[in-house]
Every structure is written in structure tokens, then in C-alpha cells.
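Structure file entry-v5.pdb; described as PDB, C-alpha atoms.
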ATOM      1  CA  MET I   1      55.473 124.419 168.135
ATOM      2  CA  ASN I   2      57.037 122.246 165.424
ATOM      3  CA  LEU I   3      56.986 118.618 166.572
ATOM      4  CA  GLU I   4      57.946 117.131 163.181
ATOM      5  CA  PRO I   5      61.334 115.394 163.519
ATOM      6  CA  SER I   6      64.035 116.925 161.379
ATOM      7  CA  ARG I   7      66.252 114.762 159.197
ATOM      8  CA  SER I   8      69.041 114.883 161.724
ATOM      9  CA  THR I   9      66.844 114.085 164.752
ATOM     10  CA  CYS I  10      64.689 111.228 163.378
ATOM     11  CA  PHE I  11      66.148 107.957 164.573
ATOM     12  CA  PHE I  12      65.155 105.937 161.503
ATOM     13  CA  THR I  13      66.362 108.355 158.832
ATOM     14  CA  LYS I  14      69.931 107.175 158.913
ATOM     15  CA  GLN I  15      68.957 103.500 158.911
ATOM     16  CA  ILE I  16      66.703 103.641 155.867
ATOM     17  CA  THR I  17      68.093 102.432 152.548
ATOM     18  CA  LEU I  18      66.345 101.418 149.347
ATOM     19  CA  ASN I  19      66.726  97.746 150.309
ATOM     20  CA  ASN I  20      65.083  97.875 153.725
ATOM     21  CA  GLU I  21      62.450 100.614 153.327
ATOM     22  CA  VAL I  22      59.574  98.074 153.585
ATOM     23  CA  ARG I  23      60.569  97.302 157.173
ATOM     24  CA  PHE I  24      59.967 100.940 158.126
ATOM     25  CA  LYS I  25      56.821 101.399 156.015
ATOM     26  CA  ASP I  26      54.530 102.411 158.895
ATOM     27  CA  HIS I  27      57.035 104.932 160.177
ATOM     28  CA  ILE I  28      57.786 106.390 156.737
ATOM     29  CA  ASP I  29      54.077 107.066 156.089
ATOM     30  CA  SER I  30      53.979 109.409 159.049
ATOM     31  CA  CYS I  31      57.477 110.945 158.893
ATOM     32  CA  GLN I  32      58.326 113.729 156.459
ATOM     33  CA  ALA I  33      62.060 113.468 157.163
ATOM     34  CA  CYS I  34      62.166 109.797 156.160
ATOM     35  CA  LYS I  35      60.103 110.522 153.046
ATOM     36  CA  ARG I  36      62.629 113.169 152.050
ATOM     37  CA  LYS I  37      65.441 110.667 152.682
ATOM     38  CA  ILE I  38      63.802 108.063 150.412
ATOM     39  CA  LEU I  39      63.279 110.727 147.752
ATOM     40  CA  SER I  40      66.942 111.737 147.874
ATOM     41  CA  LEU I  41      67.993 108.065 147.643
ATOM     42  CA  LEU I  42      65.804 107.605 144.571
ATOM     43  CA  GLN I  43      67.270 110.766 143.052
ATOM     44  CA  ASN I  44      70.766 109.419 143.669
ATOM     45  CA  GLU I  45      69.861 106.180 141.905
ATOM     46  CA  GLU I  46      68.595 108.205 138.940
ATOM     47  CA  ILE I  47      71.848 110.186 138.855
ATOM     48  CA  LEU I  48      73.853 106.939 138.836
ATOM     49  CA  LYS I  49      71.697 105.437 136.092
ATOM     50  CA  SER I  50      72.137 108.482 133.877
ATOM     51  CA  HIS I  51      75.869 108.506 134.654
ATOM     52  CA  PHE I  52      76.265 104.918 133.435
ATOM     53  CA  SER I  53      73.882 105.204 130.507
ATOM     54  CA  SER I  54      76.116 107.884 128.961
ATOM     55  CA  TYR I  55      78.633 105.098 128.269
ATOM     56  CA  ARG I  56      76.210 102.966 126.239
ATOM     57  CA  ALA I  57      77.036 102.152 122.629
ATOM     58  CA  SER I  58      75.331 104.387 120.103
ATOM     59  CA  LYS I  59      73.517 102.813 117.135
ATOM     60  CA  ASP I  60      76.398 103.507 114.721
ATOM     61  CA  ILE I  61      78.936 101.926 117.032
ATOM     62  CA  GLN I  62      76.715  98.884 117.583
ATOM     63  CA  GLU I  63      76.286  98.367 113.843
ATOM     64  CA  GLN I  64      80.017  98.743 113.265
ATOM     65  CA  LEU I  65      80.772  96.329 116.118
ATOM     66  CA  LEU I  66      78.323  93.762 114.729
ATOM     67  CA  GLU I  67      79.985  93.995 111.318
ATOM     68  CA  GLU I  68      83.385  93.372 112.872
ATOM     69  CA  LEU I  69      82.044  90.503 114.980
ATOM     70  CA  GLU I  70      80.460  88.808 111.943
ATOM     71  CA  PRO I  71      83.542  86.640 111.055
ATOM     72  CA  ILE I  72      83.676  85.403 114.660
ATOM     73  CA  ASN I  73      79.942  84.766 114.601
ATOM     74  CA  SER I  74      80.176  82.704 111.397
ATOM     75  CA  LYS I  75      82.972  80.624 112.924
ATOM     76  CA  LEU I  76      81.038  80.123 116.145
ATOM     77  CA  TYR I  77      77.760  79.233 114.429
ATOM     78  CA  PRO I  78      78.649  77.827 110.945
ATOM     79  CA  SER I  79      75.832  77.420 108.398
ATOM     80  CA  PHE I  80      74.213  74.026 107.705
ATOM     81  CA  ILE I  81      76.050  73.598 104.370
ATOM     82  CA  THR I  82      79.423  74.419 105.960
ATOM     83  CA  ARG I  83      78.748  72.005 108.808
ATOM     84  CA  SER I  84      77.756  69.185 106.405
ATOM     85  CA  PHE I  85      80.763  69.879 104.170
ATOM     86  CA  LEU I  86      83.093  69.893 107.190
ATOM     87  CA  GLY I  87      81.477  66.670 108.434
ATOM     88  CA  THR I  88      81.984  64.891 105.055
ATOM     89  CA  LYS I  89      85.550  66.171 104.893
ATOM     90  CA  ASP I  90      86.267  64.911 108.419
ATOM     91  CA  PHE I  91      84.743  61.532 107.586
ATOM     92  CA  GLY I  92      86.912  61.247 104.419
ATOM     93  CA  ASN I  93      90.015  62.172 106.373
ATOM     94  CA  SER I  94      89.348  59.632 109.115
ATOM     95  CA  LEU I  95      88.600  56.918 106.494
ATOM     96  CA  LEU I  96      91.930  57.574 104.742
ATOM     97  CA  LEU I  97      93.807  57.619 108.043
ATOM     98  CA  ASN I  98      92.253  54.369 109.223
ATOM     99  CA  SER I  99      93.008  52.646 105.860
ATOM    100  CA  LEU I 100      96.666  53.663 106.114
ATOM    101  CA  ILE I 101      96.832  52.388 109.712
ATOM    102  CA  PHE I 102      95.264  49.090 108.553
ATOM    103  CA  VAL I 103      97.844  48.659 105.759
ATOM    104  CA  LYS I 104     100.678  49.523 108.137
ATOM    105  CA  ASN I 105      99.476  46.979 110.696
ATOM    106  CA  LEU I 106      98.901  44.351 107.995
ATOM    107  CA  PHE I 107     102.549  44.376 106.984
ATOM    108  CA  SER I 108     103.911  44.361 110.514
ATOM    109  CA  ILE I 109     106.050  41.391 111.678
ATOM    110  CA  LYS I 110     103.422  40.187 114.113
ATOM    111  CA  SER I 111     100.600  40.022 111.570
ATOM    112  CA  LEU I 112     102.871  38.506 108.874
ATOM    113  CA  THR I 113     103.827  35.756 111.363
ATOM    114  CA  TRP I 114     100.170  35.085 112.034
ATOM    115  CA  ILE I 115      99.355  34.957 108.300
ATOM    116  CA  ALA I 116     102.307  32.615 107.602
ATOM    117  CA  SER I 117     101.433  30.328 110.490
ATOM    118  CA  SER I 118      97.761  30.129 109.450
ATOM    119  CA  ILE I 119      98.749  29.303 105.823
ATOM    120  CA  LEU I 120     101.133  26.629 107.113
ATOM    121  CA  PHE I 121      98.386  25.199 109.340
ATOM    122  CA  TYR I 122      95.997  25.131 106.356
ATOM    123  CA  LEU I 123      98.558  23.319 104.138
ATOM    124  CA  VAL I 124      99.362  20.757 106.880
ATOM    125  CA  ALA I 125      95.678  20.151 107.532
ATOM    126  CA  VAL I 126      94.920  19.675 103.781
ATOM    127  CA  SER I 127      97.873  17.306 103.346
ATOM    128  CA  ILE I 128      96.767  15.216 106.383
ATOM    129  CA  ILE I 129      93.164  15.000 105.093
ATOM    130  CA  ASN I 130      94.292  13.986 101.564
ATOM    131  CA  ALA I 131      96.799  11.400 102.828
TER
ATOM    132  CA  MET V   1      71.851  83.567 117.498
ATOM    133  CA  ASN V   2      74.486  86.247 117.125
ATOM    134  CA  LEU V   3      76.984  88.119 119.236
ATOM    135  CA  LYS V   4      74.839  91.253 119.587
ATOM    136  CA  TRP V   5      74.878  90.878 123.388
ATOM    137  CA  LEU V   6      78.601  91.716 123.382
ATOM    138  CA  GLY V   7      77.752  95.219 122.186
ATOM    139  CA  GLN V   8      75.491  95.942 125.159
ATOM    140  CA  ASP V   9      76.617  95.477 128.799
ATOM    141  CA  TYR V  10      80.132  94.414 127.859
ATOM    142  CA  PHE V  11      80.709  97.351 125.536
ATOM    143  CA  GLN V  12      79.348  99.695 128.203
ATOM    144  CA  PHE V  13      81.736  98.128 130.724
ATOM    145  CA  ALA V  14      84.746  98.468 128.400
ATOM    146  CA  ASN V  15      83.744 102.013 127.474
ATOM    147  CA  TYR V  16      83.310 102.953 131.128
ATOM    148  CA  ILE V  17      86.696 101.677 132.274
ATOM    149  CA  CYS V  18      88.669 103.035 129.270
ATOM    150  CA  GLU V  19      86.540 106.143 128.585
ATOM    151  CA  ASP V  20      87.154 105.640 124.879
ATOM    152  CA  ASP V  21      84.549 104.036 122.613
ATOM    153  CA  LEU V  22      87.018 103.167 119.843
ATOM    154  CA  LEU V  23      89.270 101.365 122.297
ATOM    155  CA  ALA V  24      86.225  99.680 123.837
ATOM    156  CA  SER V  25      85.152  98.235 120.454
ATOM    157  CA  GLU V  26      88.700  97.044 119.872
ATOM    158  CA  LEU V  27      88.715  95.352 123.296
ATOM    159  CA  ILE V  28      85.394  93.627 122.671
ATOM    160  CA  ILE V  29      86.582  92.224 119.346
ATOM    161  CA  GLN V  30      89.866  91.075 120.860
ATOM    162  CA  ALA V  31      88.056  89.408 123.769
ATOM    163  CA  ALA V  32      85.686  87.648 121.345
ATOM    164  CA  HIS V  33      88.675  86.388 119.308
ATOM    165  CA  ASN V  34      90.427  85.115 122.445
ATOM    166  CA  LEU V  35      87.309  83.356 123.673
ATOM    167  CA  LEU V  36      86.666  81.794 120.261
ATOM    168  CA  LEU V  37      90.137  80.257 120.309
ATOM    169  CA  ASP V  38      90.337  79.275 124.000
ATOM    170  CA  ARG V  39      86.806  78.780 125.312
ATOM    171  CA  PRO V  40      84.089  78.941 122.640
ATOM    172  CA  GLU V  41      81.530  77.472 125.062
ATOM    173  CA  VAL V  42      81.637  80.793 126.971
ATOM    174  CA  LEU V  43      80.485  82.637 123.838
ATOM    175  CA  ARG V  44      77.780  80.050 123.169
ATOM    176  CA  ARG V  45      76.249  80.353 126.650
ATOM    177  CA  PRO V  46      76.579  84.007 127.761
ATOM    178  CA  GLU V  47      73.611  83.789 130.160
ATOM    179  CA  VAL V  48      75.572  81.606 132.631
ATOM    180  CA  ARG V  49      76.825  83.655 135.594
ATOM    181  CA  ASP V  50      80.331  82.105 135.581
ATOM    182  CA  ASN V  51      80.706  82.869 131.878
ATOM    183  CA  LYS V  52      79.726  86.503 132.491
ATOM    184  CA  ILE V  53      82.431  86.743 135.147
ATOM    185  CA  ILE V  54      85.001  85.191 132.773
ATOM    186  CA  ILE V  55      84.152  87.715 130.047
ATOM    187  CA  PHE V  56      84.328  90.725 132.399
ATOM    188  CA  LYS V  57      87.658  89.548 133.785
ATOM    189  CA  LEU V  58      89.059  89.031 130.296
ATOM    190  CA  ILE V  59      87.957  92.493 129.159
ATOM    191  CA  LEU V  60      89.548  94.083 132.237
ATOM    192  CA  THR V  61      92.823  92.197 131.728
ATOM    193  CA  LEU V  62      92.949  93.122 128.044
ATOM    194  CA  SER V  63      92.191  96.769 128.784
ATOM    195  CA  LYS V  64      94.985  96.917 131.374
ATOM    196  CA  ARG V  65      97.428  95.438 128.875
ATOM    197  CA  LYS V  66      96.263  97.753 126.098
ATOM    198  CA  LEU V  67      96.446 100.945 128.168
ATOM    199  CA  ALA V  68      99.828  99.959 129.588
ATOM    200  CA  SER V  69     101.108  99.574 126.018
ATOM    201  CA  TYR V  70      99.903 103.145 125.305
ATOM    202  CA  SER V  71     101.763 104.287 128.478
ATOM    203  CA  ARG V  72      98.505 105.341 130.099
ATOM    204  CA  ASN V  73      97.646 105.093 133.778
ATOM    205  CA  THR V  74      96.055 101.720 134.653
ATOM    206  CA  VAL V  75      95.675 102.156 138.418
ATOM    207  CA  ASP V  76      92.089 103.357 138.288
ATOM    208  CA  LEU V  77      90.886 100.683 135.852
ATOM    209  CA  SER V  78      90.189  98.038 138.515
ATOM    210  CA  LYS V  79      88.445 100.590 140.740
ATOM    211  CA  ARG V  80      86.248 101.791 137.889
ATOM    212  CA  ALA V  81      85.457  98.187 137.015
ATOM    213  CA  VAL V  82      84.461  97.485 140.616
ATOM    214  CA  PHE V  83      82.227 100.562 140.696
ATOM    215  CA  PHE V  84      80.509  99.590 137.439
ATOM    216  CA  LEU V  85      79.982  95.963 138.438
ATOM    217  CA  GLY V  86      78.994  96.586 142.041
ATOM    218  CA  SER V  87      76.852  99.657 141.535
ATOM    219  CA  PHE V  88      75.299  99.228 138.085
ATOM    220  CA  LEU V  89      75.137  95.458 137.565
ATOM    221  CA  ASP V  90      74.746  94.562 141.274
ATOM    222  CA  PHE V  91      77.536  91.997 141.346
ATOM    223  CA  GLU V  92      78.452  90.610 144.760
ATOM    224  CA  ASP V  93      81.593  91.809 146.556
ATOM    225  CA  SER V  94      83.356  88.449 146.138
ATOM    226  CA  GLU V  95      82.667  88.470 142.376
ATOM    227  CA  CYS V  96      83.928  92.059 142.056
ATOM    228  CA  ALA V  97      87.053  91.097 144.006
ATOM    229  CA  TYR V  98      87.699  88.106 141.738
ATOM    230  CA  ILE V  99      87.239  90.122 138.545
ATOM    231  CA  SER V 100      89.351  93.093 139.625
ATOM    232  CA  ASP V 101      92.029  91.211 141.653
ATOM    233  CA  MET V 102      91.370  93.575 144.555
ATOM    234  CA  PRO V 103      90.946  92.510 148.196
ATOM    235  CA  GLU V 104      87.297  91.943 149.093
ATOM    236  CA  ALA V 105      87.570  94.339 152.046
ATOM    237  CA  HIS V 106      88.277  97.270 149.675
ATOM    238  CA  ILE V 107      85.299  96.726 147.393
ATOM    239  CA  LEU V 108      82.635  98.545 149.408
ATOM    240  CA  LYS V 109      85.010 101.432 150.110
ATOM    241  CA  THR V 110      85.819 101.808 146.404
ATOM    242  CA  ILE V 111      82.148 101.761 145.416
ATOM    243  CA  GLU V 112      81.229 104.388 148.010
ATOM    244  CA  GLU V 113      84.201 106.545 147.017
ATOM    245  CA  PHE V 114      83.116 106.582 143.377
ATOM    246  CA  ARG V 115      79.452 107.117 144.251
ATOM    247  CA  TYR V 116      80.472 110.179 146.243
ATOM    248  CA  LYS V 117      82.550 111.454 143.315
ATOM    249  CA  VAL V 118      79.628 111.028 140.910
ATOM    250  CA  PHE V 119      77.180 112.852 143.210
ATOM    251  CA  GLU V 120      79.666 115.655 143.843
ATOM    252  CA  GLY V 121      80.317 115.975 140.105
ATOM    253  CA  ASN V 122      76.581 116.141 139.493
ATOM    254  CA  LYS V 123      76.156 118.821 142.168
ATOM    255  CA  VAL V 124      78.936 120.939 140.661
ATOM    256  CA  ARG V 125      77.424 120.543 137.188
ATOM    257  CA  ASN V 126      74.009 121.649 138.450
ATOM    258  CA  GLU V 127      75.524 124.682 140.192
ATOM    259  CA  PHE V 128      77.404 125.578 137.004
ATOM    260  CA  ARG V 129      74.183 125.351 134.979
ATOM    261  CA  ALA V 130      72.314 127.488 137.500
TER
END

Could you write out this file's structure as C-alpha cells?
Amino acid sequence: MNLEPSRSTCFFTKQITLNNEVRFKDHIDSCQACKRKILSLLQNEEILKSHFSSYRASKDIQEQLLEELEPINSKLYPSFITRSFLGTKDFGNSLLLNSLIFVKNLFSIKSLTWIASSILFYLVAVSIINA
Amino acid sequence: MNLKWLGQDYFQFANYICEDDLLASELIIQAAHNLLLDRPEVLRRPEVRDNKIIIFKLILTLSKRKLASYSRNTVDLSKRAVFFLGSFLDFEDSECAYISDMPEAHILKTIEEFRYKVFEGNKVRNEFRA
């Protein structure tokens, strides 16, 4: 008489997945149906892996892709010389800009008034001291 | 540090959803250009989970636009993307839903549907070989 539970009659067979097989470890060791289930699940995983791996980039494509990505790579990670040159250039630009802003503010009405009033104050003070 | 990582999982993803390696390379380069202009920090730190999600979403959007411009069917693209992300890269359902703009309730169904198709296809292939 065959007392081994078949795959359709074993209660645990339908509950077992690859994530929870440890919970049923003791049962799986003694049940052929559950072992077969685990084996078929593993086979399915293999089938999926091989299905997806057929879409991987071949070596030629990877090399070609890297070549085409090189300009983006050099912009993203510029070399030390480029970074220093860009830094010096930025510093020069900001120096020029700030000088122009200084000149513009120097000849504004507000600053001219201040300059005139301070000169006038100086002249008045000198004349009072000398008198 | 270089952009070699773009040619691995992301190329495989683009190739899987478009089923065309030339188009996949084109998509990867376009996505890299877009990210360089808009969000270069994503390209500098690809190991961050959020950045991965941004890149996958961008590739999917670009592929939809590209295939629509070639008058090709774009209905299956999101489903294929969900299957790839959920089944191969083990992304969570909420992440798959965000990337593919599909309702979260449909994610598991889509994954199971495609799994079934793959196993059936494999069975037919084996029978044909035998």
C-alpha cells in the first residue's frame, strides 16, 4: 500500500514557496511530494534567470556603449587640469564682475554725495583748526 | 569612476522592454545625457535606491516616447518593465507601480501573467526540441 502523499494530497505542498521553505524544513525532509515541489520551484527560477540573461549586453555592445558614454563621463568627472583651469577662469570672471560692480557703485549719486560731504567736512575742519 | 554600470542592469532593462539592443543603447545614452543636464547627482551616486528608481523611470519614459515615434505598440512596455523589476531585480510592488505608472493592485497579477508565459514558452521550446 502506497502511503506516500501525492503532490495533490499533501497539505503543505501548495503552501511552500522559496521564501518560506525553512518553516517547513522538518516536513520537507520526510515528504517526497514537497521535495519535488521545491525542485520544480528551483527549476522555474533557473528558467527565469536564463530568460533574463539572454537580454544582457554582449562585450561588443558594452565597449561601444562605453565609447559613446565617454563624452558624458568626461563632463561628469573632469580631469584635474580641466578643473583647475575652470576654477581659475571662474575666479577671473568673478573678479572682473566685482570690479565693474564696484566702479558702478562708486559713481552712483549716493556714494558721490557721501564723498562730497566728507571732502566738505574735511575742508571745514581744516579751516577751523587753522583759524 | 566611469559610467560602466549603465551598460549592465540598465542596458538589460532597456533591452528587455524594447527587445532591440540598438534602441536600448540609444536609450541609455539619451538617459545619461538627460541626467547630466538635469540631475548630475543621480549619475554620481547610482548606488542610492531612489536614484536607481529615477533612472529606471526615465528609461521607461524615454522608451515609450521613442517607440511611439516609430508607431510601435507601447502598451506592453510598462508590463514588461514591471515583470523585469519585480521578478529579476526584486523591486517592491510600490516601487514597480511608481516606475511603471500602473496601479499597485495590478503588479502581482502582471508578474504572474508573464511568469506563466515564460514557463509555457519554455515548455513549448523543450517539446519542439524533443

From the set I:Val22, I:Val126, I:Ala33, I:Ala57, which residue has the shortest atom-to-atom contact distance to chain V, counting all atoms listed in the file?
-> I:Ala57

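Atom CA of V:Ala31 lies 26.5 Å from atom CA of V:Phe114.
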
What residues in chain I lie within 10 Å of chain V, counting only C-alpha atoms, written as a list in words?
-> Asn44, Glu45, Ile47, Leu48, Lys49, His51, Phe52, Ser53, Ser54, Tyr55, Arg56, Ala57, Ser58, Ile61, Gln62, Glu63, Gln64, Leu65, Leu66, Glu68, Leu69, Glu70, Pro71, Ile72, Asn73, Ser74, Lys75, Leu76 and Tyr77 of chain I

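We find atom CA of I:Phe11 and atom CA of I:Leu42 to be spaced 20.0 Å apart.
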
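In this model, the gap between atom CA of V:Ile55 and atom CA of V:Leu67 comes to 18.2 Å.
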
List, as a list in words, every residue that the PyMOL selection byres ((chain V and resi 66) around 12) selects in the file provided.
->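 Evaluating the PyMOL selection byres ((chain V and resi 66) around 12) on this file yields Ala14, Cys18, Leu23, Ala24, Glu26, Leu27, Gln30, Ala31, Ile59, Leu60, Thr61, Leu62, Ser63, Lys64, Arg65, Leu67, Ala68, Ser69, Tyr70, Ser71, Arg72, Asn73, Thr74 and Leu77 of chain V.
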
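On the file presented, the PyMOL selection byres ((chain V and resi 112) around 12) picks out V:Lys79, V:Arg80, V:Val82, V:Phe83, V:Phe84, V:Gly86, V:Ser87, V:His106, V:Ile107, V:Leu108, V:Lys109, V:Thr110, V:Ile111, V:Glu113, V:Phe114, V:Arg115, V:Tyr116, V:Lys117, V:Val118, V:Phe119.
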
For stretch 51-53 of chain V, work out the shell of residues within 10 Å, counting only C-alpha atoms and skipping chain neighbours fewer than 2 positions away, then give it as a ChimeraX atom specification.
-> /V:10,39,41-49,55-59,91,95-96,98-99

Any idea what's packed within 10 Å of stretch 15-18 of chain I, counting all atoms listed in the file, ignoring anything in its chain fewer than 6 positions away? Could you give it as a PyMOL selection string?
-> chain I and resi 24+28+34-35+37-39+41-42+45

Can you report as AutoDock Vina command-line options the centre and edge lengths in Å, to one decimal, of an axis-aligned box around the listed atoms of stretch 6-14 of chain V padded with 8 Å on each side?
--center_x 80.1 --center_y 95.7 --center_z 126.5 --size_x 25.3 --size_y 24.0 --size_z 24.5
